[in-house]
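Next comes input_10.txt, a file with compact mmCIF, C-alpha atoms and all ligand atoms.
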```txt
# COMPACT_ATOMS: atom_id res chain seq x y z
CA MET A 1 0.00 0.00 0.00
CA SER A 2 1.49 3.37 -0.99
CA THR A 3 1.87 5.91 1.80
CA ILE A 4 0.07 9.20 1.48
CA ILE A 5 -0.06 10.14 5.14
CA ASN A 6 3.18 12.12 5.13
CA ASP A 7 1.80 14.66 2.74
CA ILE A 8 -1.85 14.63 3.76
CA GLU A 9 -2.95 18.23 4.28
CA ILE A 10 -4.41 18.85 7.73
CA ILE A 11 -6.18 22.08 8.65
CA LYS A 12 -6.93 21.95 12.36
CA THR A 13 -9.92 23.56 14.01
CA LYS A 14 -9.22 26.75 15.97
CA SER A 15 -11.83 25.93 18.60
CA SER A 16 -12.61 22.35 19.58
CA LYS A 17 -16.24 21.55 20.46
CA ILE A 18 -15.31 18.59 22.62
CA ASN A 19 -15.95 20.26 25.99
CA ALA A 20 -19.60 20.84 25.05
CA VAL A 21 -20.24 17.10 24.64
CA ASP A 22 -21.62 14.95 27.44
CA PHE A 23 -19.81 11.66 26.86
CA ASP A 24 -21.94 9.98 29.52
CA ASP A 25 -25.15 10.62 27.63
CA LEU A 26 -24.48 10.00 23.97
CA LYS A 27 -27.23 9.44 21.41
CA PHE A 28 -26.48 7.70 18.15
CA GLY A 29 -24.83 9.89 15.49
CA SER A 30 -26.05 13.28 16.61
CA VAL A 31 -22.90 15.15 17.61
CA PHE A 32 -19.87 15.27 15.36
CA SER A 33 -16.17 15.43 16.05
CA ASP A 34 -13.97 18.40 15.19
CA HIS A 35 -12.64 17.27 11.81
CA MET A 36 -13.67 15.57 8.59
CA LEU A 37 -11.77 14.07 5.70
CA VAL A 38 -12.63 15.34 2.24
CA CYS A 39 -11.47 13.91 -1.05
CA ASP A 40 -12.50 15.28 -4.47
CA TYR A 41 -12.92 13.54 -7.79
CA LYS A 42 -12.26 16.04 -10.59
CA ASP A 43 -10.69 15.98 -14.05
CA GLY A 44 -11.02 12.20 -14.24
CA LYS A 45 -9.28 11.28 -10.97
CA TRP A 46 -9.51 11.21 -7.20
CA HIS A 47 -7.29 13.84 -5.61
CA LYS A 48 -5.48 13.38 -2.31
CA PRO A 49 -7.67 13.62 0.78
CA LYS A 50 -7.51 16.63 3.05
CA ILE A 51 -8.53 16.87 6.68
CA MET A 52 -10.35 20.03 7.70
CA PRO A 53 -12.65 21.34 10.44
CA TYR A 54 -16.14 19.77 10.36
CA ALA A 55 -18.33 22.31 8.54
CA PRO A 56 -21.30 22.63 6.16
CA LEU A 57 -20.68 22.05 2.45
CA THR A 58 -21.50 24.34 -0.45
CA LEU A 59 -23.01 22.60 -3.48
CA ASP A 60 -24.50 23.78 -6.73
CA PRO A 61 -28.30 23.30 -6.79
CA SER A 62 -27.89 21.26 -9.98
CA ALA A 63 -25.46 18.82 -8.30
CA LYS A 64 -26.60 15.36 -9.40
CA ILE A 65 -26.85 14.03 -5.86
CA PHE A 66 -29.97 16.20 -5.41
CA HIS A 67 -31.71 14.98 -8.55
CA TYR A 68 -30.58 11.45 -9.25
CA GLY A 69 -29.47 10.23 -5.83
CA GLN A 70 -26.00 9.11 -6.85
CA SER A 71 -24.88 8.54 -3.29
CA ILE A 72 -23.43 5.72 -1.21
CA PHE A 73 -22.11 5.34 2.32
CA GLU A 74 -20.48 3.04 4.85
CA GLY A 75 -20.75 2.58 8.59
CA MET A 76 -17.86 1.67 10.90
CA LYS A 77 -16.82 2.12 14.52
CA ALA A 78 -13.59 2.99 16.34
CA TYR A 79 -12.94 1.84 19.90
CA LYS A 80 -10.33 2.81 22.50
CA ASP A 81 -8.95 0.23 24.93
CA ASP A 82 -7.73 0.75 28.52
CA ALA A 83 -4.21 1.48 27.28
CA ASP A 84 -5.50 4.22 24.95
CA ASN A 85 -4.94 2.17 21.78
CA VAL A 86 -7.43 2.82 18.99
CA TRP A 87 -9.00 -0.07 17.09
CA LEU A 88 -11.12 -0.59 14.01
CA PHE A 89 -12.98 -3.74 13.02
CA ARG A 90 -12.30 -5.22 9.54
CA PRO A 91 -11.97 -1.75 7.94
CA GLU A 92 -10.61 -3.06 4.64
CA ASP A 93 -13.95 -4.83 4.16
CA ASN A 94 -15.78 -1.51 4.42
CA CYS A 95 -13.42 -0.03 1.85
CA LYS A 96 -14.05 -2.96 -0.51
CA ARG A 97 -17.81 -2.69 -0.04
CA LEU A 98 -17.71 1.07 -0.64
CA ASN A 99 -16.14 0.38 -4.02
CA ILE A 100 -18.65 -2.39 -4.78
CA SER A 101 -21.43 0.14 -4.09
CA ALA A 102 -19.57 2.80 -6.11
CA LYS A 103 -19.34 0.55 -9.15
CA ARG A 104 -23.08 -0.24 -9.08
CA LEU A 105 -23.95 3.47 -8.83
CA ALA A 106 -21.51 4.40 -11.63
CA ILE A 107 -19.31 6.35 -9.20
CA PRO A 108 -15.54 6.15 -9.79
CA GLU A 109 -13.87 3.76 -7.33
CA LEU A 110 -11.67 5.30 -4.62
CA PRO A 111 -8.02 4.21 -4.18
CA GLU A 112 -7.86 2.01 -1.06
CA ALA A 113 -4.92 4.01 0.34
CA TYR A 114 -6.99 7.21 0.34
CA PHE A 115 -9.67 5.45 2.39
CA MET A 116 -7.45 3.58 4.82
CA GLU A 117 -4.70 6.11 5.41
CA GLY A 118 -7.08 9.05 5.34
CA LEU A 119 -9.23 7.34 7.96
CA VAL A 120 -6.24 6.53 10.17
CA ALA A 121 -5.01 10.16 9.99
CA LEU A 122 -8.49 11.46 10.87
CA LEU A 123 -8.80 9.09 13.84
CA GLN A 124 -5.34 9.98 15.11
CA LEU A 125 -6.30 13.65 15.03
CA ASP A 126 -9.72 13.18 16.68
CA LYS A 127 -8.65 10.39 19.03
CA ASP A 128 -10.02 12.22 22.09
CA TRP A 129 -13.51 11.95 20.60
CA ILE A 130 -13.59 8.15 20.96
CA PRO A 131 -15.84 7.34 23.92
CA THR A 132 -14.86 4.56 26.28
CA LYS A 133 -18.07 3.95 28.19
CA ASP A 134 -19.46 0.42 27.67
CA GLY A 135 -21.63 0.25 24.58
CA SER A 136 -20.39 3.52 23.13
CA SER A 137 -17.92 4.07 20.30
CA LEU A 138 -16.92 6.59 17.66
CA TYR A 139 -19.30 5.90 14.78
CA ILE A 140 -17.59 6.53 11.45
CA ARG A 141 -19.55 7.53 8.38
CA PRO A 142 -17.63 7.43 5.09
CA PHE A 143 -19.81 8.58 2.17
CA MET A 144 -19.53 9.50 -1.47
CA PHE A 145 -21.83 11.48 -3.72
CA ALA A 146 -22.19 13.23 -7.07
CA SER A 147 -21.22 16.88 -6.62
CA GLY A 148 -20.94 17.50 -10.38
CA GLN A 149 -23.52 19.74 -12.01
CA GLY A 150 -26.24 19.36 -14.61
CA PHE A 151 -29.79 18.16 -15.11
CA HIS A 152 -28.81 15.53 -17.67
CA ALA A 153 -29.75 12.15 -16.19
CA SER A 154 -26.29 10.61 -16.44
CA PRO A 155 -23.36 10.08 -14.05
CA ALA A 156 -21.72 13.24 -12.74
CA ASP A 157 -18.18 14.27 -13.64
CA GLU A 158 -17.32 15.33 -10.09
CA TYR A 159 -17.73 13.53 -6.75
CA LYS A 160 -16.85 14.00 -3.12
CA PHE A 161 -15.74 11.35 -0.66
CA ILE A 162 -16.08 12.47 2.96
CA ILE A 163 -15.53 10.81 6.32
CA CYS A 164 -17.26 12.27 9.38
CA THR A 165 -17.27 10.76 12.84
CA ALA A 166 -19.74 10.91 15.70
CA PRO A 167 -19.23 9.76 19.30
CA SER A 168 -22.26 7.53 19.78
CA GLY A 169 -24.25 5.45 22.21
CA SER A 170 -26.49 2.54 21.19
CA TYR A 171 -28.55 2.64 18.03
CA PHE A 172 -31.69 1.24 19.61
CA SER A 173 -33.05 2.23 22.97
CA GLY A 174 -35.43 -0.29 24.42
CA GLU A 175 -36.90 -3.39 22.88
CA VAL A 176 -37.03 -4.07 19.16
CA LYS A 177 -40.33 -5.36 17.85
CA VAL A 178 -40.44 -5.95 14.12
CA LEU A 179 -43.10 -6.15 11.43
CA ILE A 180 -42.65 -8.73 8.68
CA GLU A 181 -43.46 -6.82 5.48
CA GLU A 182 -46.17 -8.11 3.16
CA LYS A 183 -46.60 -5.24 0.71
CA TYR A 184 -43.57 -3.00 0.22
CA SER A 185 -40.11 -4.10 -0.97
CA ARG A 186 -36.69 -2.79 -0.11
CA SER A 187 -34.96 -4.21 -3.16
CA ALA A 188 -35.35 -6.42 -6.19
CA ASP A 189 -33.27 -8.82 -8.27
CA GLY A 190 -30.89 -6.87 -10.47
CA GLY A 191 -31.37 -3.76 -8.31
CA VAL A 192 -29.16 -2.01 -5.79
CA GLY A 193 -30.14 -3.82 -2.57
CA PHE A 194 -26.61 -5.19 -2.08
CA ALA A 195 -25.15 -1.68 -2.28
CA LYS A 196 -25.18 0.84 0.54
CA ALA A 197 -26.96 3.35 -1.66
CA GLY A 198 -28.68 6.26 0.08
CA GLY A 199 -31.89 5.64 -1.88
CA ASN A 200 -32.26 2.16 -0.36
CA TYR A 201 -32.81 3.85 2.98
CA ALA A 202 -35.07 6.67 1.74
CA GLY A 203 -37.31 4.01 0.17
CA GLN A 204 -37.73 2.35 3.54
CA PHE A 205 -38.79 5.41 5.49
CA TYR A 206 -42.45 5.42 4.49
CA PRO A 207 -43.15 1.69 5.13
CA THR A 208 -41.17 1.97 8.38
CA GLN A 209 -43.27 4.97 9.42
CA LEU A 210 -46.39 2.88 8.85
CA ALA A 211 -44.89 0.06 10.93
CA LYS A 212 -43.99 2.51 13.71
CA GLU A 213 -47.56 3.76 13.82
CA LYS A 214 -48.54 0.17 14.57
CA GLY A 215 -45.97 -0.11 17.38
CA TYR A 216 -43.05 -1.80 15.59
CA GLN A 217 -39.53 -0.32 15.52
CA GLN A 218 -38.26 -1.97 12.34
CA VAL A 219 -39.50 -3.68 9.22
CA ILE A 220 -38.23 -7.12 8.26
CA TRP A 221 -37.99 -7.07 4.49
CA THR A 222 -39.12 -10.06 2.53
CA ASP A 223 -38.40 -10.95 -1.11
CA ASP A 224 -40.06 -8.72 -3.69
CA HIS A 225 -41.57 -11.64 -5.64
CA LYS A 226 -44.03 -13.11 -3.17
CA HIS A 227 -42.94 -11.82 0.25
CA GLU A 228 -42.22 -15.41 1.18
CA TYR A 229 -38.64 -15.26 2.43
CA ILE A 230 -37.10 -13.36 5.35
CA GLU A 231 -34.38 -11.10 3.93
CA GLU A 232 -33.04 -8.39 6.25
CA ALA A 233 -34.06 -5.44 8.39
CA GLY A 234 -33.74 -1.74 7.60
CA ALA A 235 -30.22 -1.41 8.93
CA MET A 236 -29.33 -4.96 9.97
CA ASN A 237 -29.03 -8.52 8.74
CA ILE A 238 -31.34 -10.97 10.48
CA PHE A 239 -30.59 -14.16 12.41
CA VAL A 240 -33.24 -16.60 13.62
CA ARG A 241 -32.66 -19.38 16.13
CA ILE A 242 -34.90 -22.40 15.74
CA GLY A 243 -34.12 -25.06 18.32
CA ASP A 244 -30.35 -24.84 18.70
CA THR A 245 -29.67 -23.80 15.12
CA LEU A 246 -28.88 -20.27 14.05
CA ILE A 247 -30.19 -19.48 10.57
CA THR A 248 -29.55 -16.49 8.33
CA GLY A 249 -30.42 -15.93 4.68
CA PRO A 250 -27.76 -16.04 1.97
CA THR A 251 -26.63 -12.69 0.59
CA SER A 252 -27.83 -11.83 -2.89
CA ASP A 253 -28.51 -8.92 -5.23
CA ARG A 254 -31.13 -7.84 -2.73
CA ILE A 255 -29.30 -8.17 0.60
CA LEU A 256 -26.35 -6.26 2.02
CA ASP A 257 -23.29 -8.42 2.67
CA GLY A 258 -22.98 -7.34 6.30
CA ILE A 259 -19.59 -7.46 8.00
CA THR A 260 -21.21 -8.16 11.37
CA ARG A 261 -23.27 -10.98 9.77
CA LYS A 262 -20.26 -12.75 8.31
CA SER A 263 -18.30 -12.30 11.56
CA ILE A 264 -21.16 -13.85 13.55
CA ILE A 265 -21.32 -16.82 11.17
CA GLN A 266 -17.56 -17.37 11.58
CA LEU A 267 -17.67 -16.90 15.36
CA ALA A 268 -20.61 -19.26 15.79
CA GLU A 269 -18.97 -21.92 13.61
CA SER A 270 -15.77 -21.66 15.62
CA GLU A 271 -17.74 -22.18 18.85
CA ASN A 272 -19.69 -25.17 17.53
CA ILE A 273 -22.99 -23.33 17.45
CA PRO A 274 -24.90 -24.93 14.55
CA VAL A 275 -25.30 -22.30 11.81
CA GLU A 276 -27.18 -22.57 8.55
CA VAL A 277 -26.93 -20.04 5.77
CA ARG A 278 -30.03 -20.75 3.75
CA LYS A 279 -33.28 -19.30 2.57
CA LEU A 280 -35.75 -18.99 5.40
CA THR A 281 -39.46 -18.70 4.74
CA VAL A 282 -41.78 -16.53 6.79
CA SER A 283 -44.05 -19.54 7.26
CA GLU A 284 -41.18 -21.55 8.81
CA VAL A 285 -40.64 -18.77 11.35
CA VAL A 286 -44.37 -18.43 12.07
CA ASP A 287 -44.71 -22.22 12.47
CA ALA A 288 -41.69 -22.28 14.79
CA ALA A 289 -43.22 -19.46 16.85
CA LYS A 290 -46.45 -21.44 17.10
CA ASN A 291 -44.85 -24.75 18.08
CA GLY A 292 -42.37 -23.19 20.52
CA SER A 293 -39.16 -24.04 18.62
CA LEU A 294 -38.50 -20.38 17.75
CA LYS A 295 -36.03 -19.36 20.45
CA GLU A 296 -34.49 -16.10 19.26
CA MET A 297 -34.38 -13.53 16.52
CA PHE A 298 -31.80 -10.80 16.36
CA GLY A 299 -30.52 -8.14 14.03
CA ALA A 300 -26.80 -7.69 13.31
CA GLY A 301 -25.03 -4.63 12.00
CA THR A 302 -22.31 -2.14 12.81
CA ALA A 303 -24.63 0.47 14.30
CA ALA A 304 -27.00 -2.01 15.93
CA VAL A 305 -24.24 -4.53 16.92
CA ILE A 306 -26.47 -7.48 17.91
CA SER A 307 -29.99 -6.34 18.77
CA PRO A 308 -32.38 -8.95 20.16
CA ILE A 309 -35.88 -8.88 18.72
CA SER A 310 -38.61 -9.22 21.32
CA GLY A 311 -41.41 -10.15 18.97
CA PHE A 312 -42.76 -9.84 15.46
CA GLY A 313 -46.01 -9.04 13.74
CA TYR A 314 -47.26 -10.82 10.63
CA LYS A 315 -50.64 -10.69 8.93
CA GLY A 316 -52.18 -8.85 11.85
CA VAL A 317 -50.98 -11.34 14.50
CA ASP A 318 -48.25 -10.60 17.08
CA TYR A 319 -45.82 -13.32 18.12
CA ASP A 320 -43.65 -12.94 21.22
CA LEU A 321 -40.20 -14.44 21.49
CA PRO A 322 -39.51 -16.39 24.69
CA LYS A 323 -37.40 -14.77 27.42
CA LEU A 324 -34.48 -17.18 27.77
CA GLU A 325 -31.95 -17.19 30.58
CA SER A 326 -29.03 -17.32 28.22
CA THR A 327 -29.15 -16.43 24.56
CA TYR A 328 -26.94 -16.75 21.52
CA ALA A 329 -27.51 -13.02 20.97
CA GLU A 330 -26.06 -12.06 24.33
CA TYR A 331 -23.18 -14.52 24.06
CA LEU A 332 -22.21 -13.57 20.51
CA LYS A 333 -22.56 -9.86 21.26
CA LYS A 334 -20.10 -10.18 24.13
CA ARG A 335 -17.68 -12.22 22.02
CA ILE A 336 -17.73 -9.77 19.15
CA THR A 337 -17.55 -6.59 21.25
CA ASP A 338 -14.73 -8.06 23.36
CA ILE A 339 -12.77 -8.64 20.17
CA GLN A 340 -13.63 -5.18 18.82
CA THR A 341 -12.57 -3.42 22.03
CA ASN A 342 -9.40 -5.49 22.61
CA LYS A 343 -10.76 -7.21 25.72
CA ALA A 344 -10.30 -10.66 24.18
CA GLU A 345 -7.94 -12.47 21.85
CA ASP A 346 -8.68 -12.00 18.17
CA PRO A 347 -8.02 -15.39 16.58
CA PHE A 348 -9.54 -14.19 13.29
CA GLY A 349 -7.28 -11.17 12.72
CA TRP A 350 -10.28 -8.80 12.53
CA ARG A 351 -8.97 -6.04 14.76
CA TYR A 352 -7.01 -3.23 13.08
CA LYS A 353 -4.75 -0.98 15.11
CA VAL A 354 -4.90 2.71 14.24
N1 LIG B 401 -28.22 -4.49 6.18
C1 LIG B 401 -28.41 -3.17 5.96
C2 LIG B 401 -29.50 -2.74 5.07
C3 LIG B 401 -27.57 -2.22 6.58
O1 LIG B 401 -27.76 -0.92 6.39
C4 LIG B 401 -26.54 -2.68 7.43
C5 LIG B 401 -25.65 -1.72 8.09
O2 LIG B 401 -24.61 -1.40 7.68
C6 LIG B 401 -26.37 -4.06 7.61
C7 LIG B 401 -27.23 -4.93 6.97
C8 LIG B 401 -25.25 -4.60 8.44
O3 LIG B 401 -24.01 -4.45 7.79
P1 LIG B 401 -22.66 -4.29 8.62
O4 LIG B 401 -22.64 -5.42 9.58
O5 LIG B 401 -21.58 -4.38 7.61
O6 LIG B 401 -22.73 -2.98 9.29
C1 LIG B 402 -24.47 0.76 10.07
O1 LIG B 402 -24.80 -0.19 10.76
O2 LIG B 402 -23.35 1.27 10.14
C2 LIG B 402 -25.38 1.35 9.09
O3 LIG B 402 -24.92 1.84 8.11
C3 LIG B 402 -26.80 1.42 9.38
C4 LIG B 402 -27.25 2.84 9.33
C5 LIG B 402 -28.41 2.97 8.44
C6 LIG B 402 -27.44 3.44 10.69
```

Would you mind writing the file's structure down as structure tokens?
Amino acid sequence: MSTIINDIEIIKTKSSKINAVDFDDLKFGSVFSDHMLVCDYKDGKWHKPKIMPYAPLTLDPSAKIFHYGQSIFEGMKAYKDDADNVWLFRPEDNCKRLNISAKRLAIPELPEAYFMEGLVALLQLDKDWIPTKDGSSLYIRPFMFASGQGFHASPADEYKFIICTAPSGSYFSGEVKVLIEEKYSRSADGGVGFAKAGGNYAGQFYPTQLAKEKGYQQVIWTDDHKHEYIEEAGAMNIFVRIGDTLITGPTSDRILDGITRKSIIQLAESENIPVEVRKLTVSEVVDAAKNGSLKEMFGAGTAAVISPISGFGYKGVDYDLPKLESTYAEYLKKRITDIQTNKAEDPFGWRYKV
């Protein structure tokens, strides 16, 4: 990997906002650290990233992001251990996925060194913003969008790649009850469901609002053909435990290849928890709920970590999950967060020192 750090331009803030932040009472992604990384694509190439004070952007009203939604993002977290070391979790995978999303949205791919070394430089500068309280972390939001101008419905000729960070507490507060979707779809074969495209999330807001009005926090998306298969949640992959077996759907054109999901599969396999990656029908889950073999459901994602689901609604009926003394969700959450925060050995080589 070529080194760009030595000549990365850093403009430091003149007045840090850190003293105004209550690190004991952090929401998710609502206060932002002092600096951001900005990288421009112009004249047919990505230019070296710069670090500058966090500030609003100026964009032309005809910028294609506003009209055609050419926009993608990633989600990551940084953790600080007791010895003040800073850690990331599988960051190269986020960089790879960003470029997979970029390709699908006809955005020029970013050199890996700009992502990785830019991110490291930003975290070194804003290290004091990484919270250490249990369950909190510095949430990292890399994103890329069309800043180039024009109403022509075609890819832009200019883009911006930005990384902002936000000291954050948990994504969900309280229990997570989900609605299994029967009408709306998040994605379709041949579409952009596997990409972290901004529009995938905008398209979920309205059906999720409807679900919230009925008392559910999240929608579980089903396939767009017949709404027969469990796919994923709005911001998480889904795991279901039937008997002792953990089941999650295979990734596809329609499902995001979650880094937490694949880590959980690997962790569970290494601990002899039976795991099946296979298509899972809604009727199998409903039947299991009825006959008592449905033990757990949980969502998995960077922001949500592992979030147990307390119950689900389907076709107007609510099903509660049992309250078990010990759960896979709790166990796997501890295993994964201990690895992420350097409290446990990392036999998989997932941790990345900043
Ligand atoms: N599925 C969707 C739609 C998501 O937005 C996310 C969050 O990033 C995930 C799954 C989980 O992916 P990861 O574990 O890589 O964060
Ligand atoms: C993440 O888990 O990092 C995500 O990107 C989900 C986001 C929609 C909050």

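Distances from A:Asn99, A:Ser173, A:Asn342, A:Thr302 to ligand LIG 401 (chain B) were compared using only C-alpha atoms and all ligand atoms, and the smallest one belongs to A:Thr302.
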
inquiry  = So that I can see what lies close to A:Gly193, please list as a VMD selection string the residues with an atom at most 7 Å from it, counting only C-alpha atoms and leaving out residues fewer than 3 positions away in the same chain.
reply    = chain A and resid 187 to 188 200 253 to 256

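One finds atom CA of A:Asn291 at 11.8 Å from atom CA of A:Leu321.
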
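Proximity to A:Ser293 at 10 Å, evaluated using only C-alpha atoms and with sequence-adjacent residues fewer than 6 positions away removed, yields Arg241, Ile242, Gly243, Asp244, Val285, Asp287 and Pro322 of chain A.
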
Residue subset to file, keeping C-alpha atoms, as a tab-separated table (two decimals), in the coordinates of the input:
```tsv
chain	number	residue	atom	x	y	z
A	241	ARG	CA	-32.66	-19.38	16.13
A	242	ILE	CA	-34.90	-22.40	15.74
A	243	GLY	CA	-34.12	-25.06	18.32
A	244	ASP	CA	-30.35	-24.84	18.70
A	285	VAL	CA	-40.64	-18.77	11.35
A	287	ASP	CA	-44.71	-22.22	12.47
A	322	PRO	CA	-39.51	-16.39	24.69
```

inquiry  = Show me which residues line ligand LIG 402 (chain B), defined as having an atom within 7 Å of a ligand atom where all atoms listed in the file count, and present them as a PyMOL selection string.
reply    = chain A and resi 74-76+235-236+301-304

ask   = What separation in Å, quoted to one decimal, exists between atom CA of A:Thr208 and atom CA of A:Ala146?
value = 26.9 Å

request  = State, in Å with one decimal place, the distance from atom CA of A:Asp224 to atom CA of A:Glu182.
outcome  = 9.2 Å

note = ligand LIG 401 (chain B) proximity check over A:Gly150, A:Gly191, A:Gly198, A:Gly316, using all atoms listed in the file: winner is A:Gly198

At a cut-off of 12 Å around the point (-38.2, 6.1, -3.7) (file coordinates), what residues fall inside when counting all atoms listed in the file? I'd like the answer as a compact mmCIF listing (two decimals) with C-alpha atoms, keeping the file's coordinate frame.
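This is the output file result_21.txt:
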```
# COMPACT_ATOMS: atom_id res chain seq x y z
CA TYR A 68 -30.58 11.45 -9.25
CA GLY A 69 -29.47 10.23 -5.83
CA TYR A 184 -43.57 -3.00 0.22
CA SER A 185 -40.11 -4.10 -0.97
CA ARG A 186 -36.69 -2.79 -0.11
CA SER A 187 -34.96 -4.21 -3.16
CA ALA A 197 -26.96 3.35 -1.66
CA GLY A 198 -28.68 6.26 0.08
CA GLY A 199 -31.89 5.64 -1.88
CA ASN A 200 -32.26 2.16 -0.36
CA TYR A 201 -32.81 3.85 2.98
CA ALA A 202 -35.07 6.67 1.74
CA GLY A 203 -37.31 4.01 0.17
CA GLN A 204 -37.73 2.35 3.54
CA PHE A 205 -38.79 5.41 5.49
CA TYR A 206 -42.45 5.42 4.49
CA PRO A 207 -43.15 1.69 5.13
```
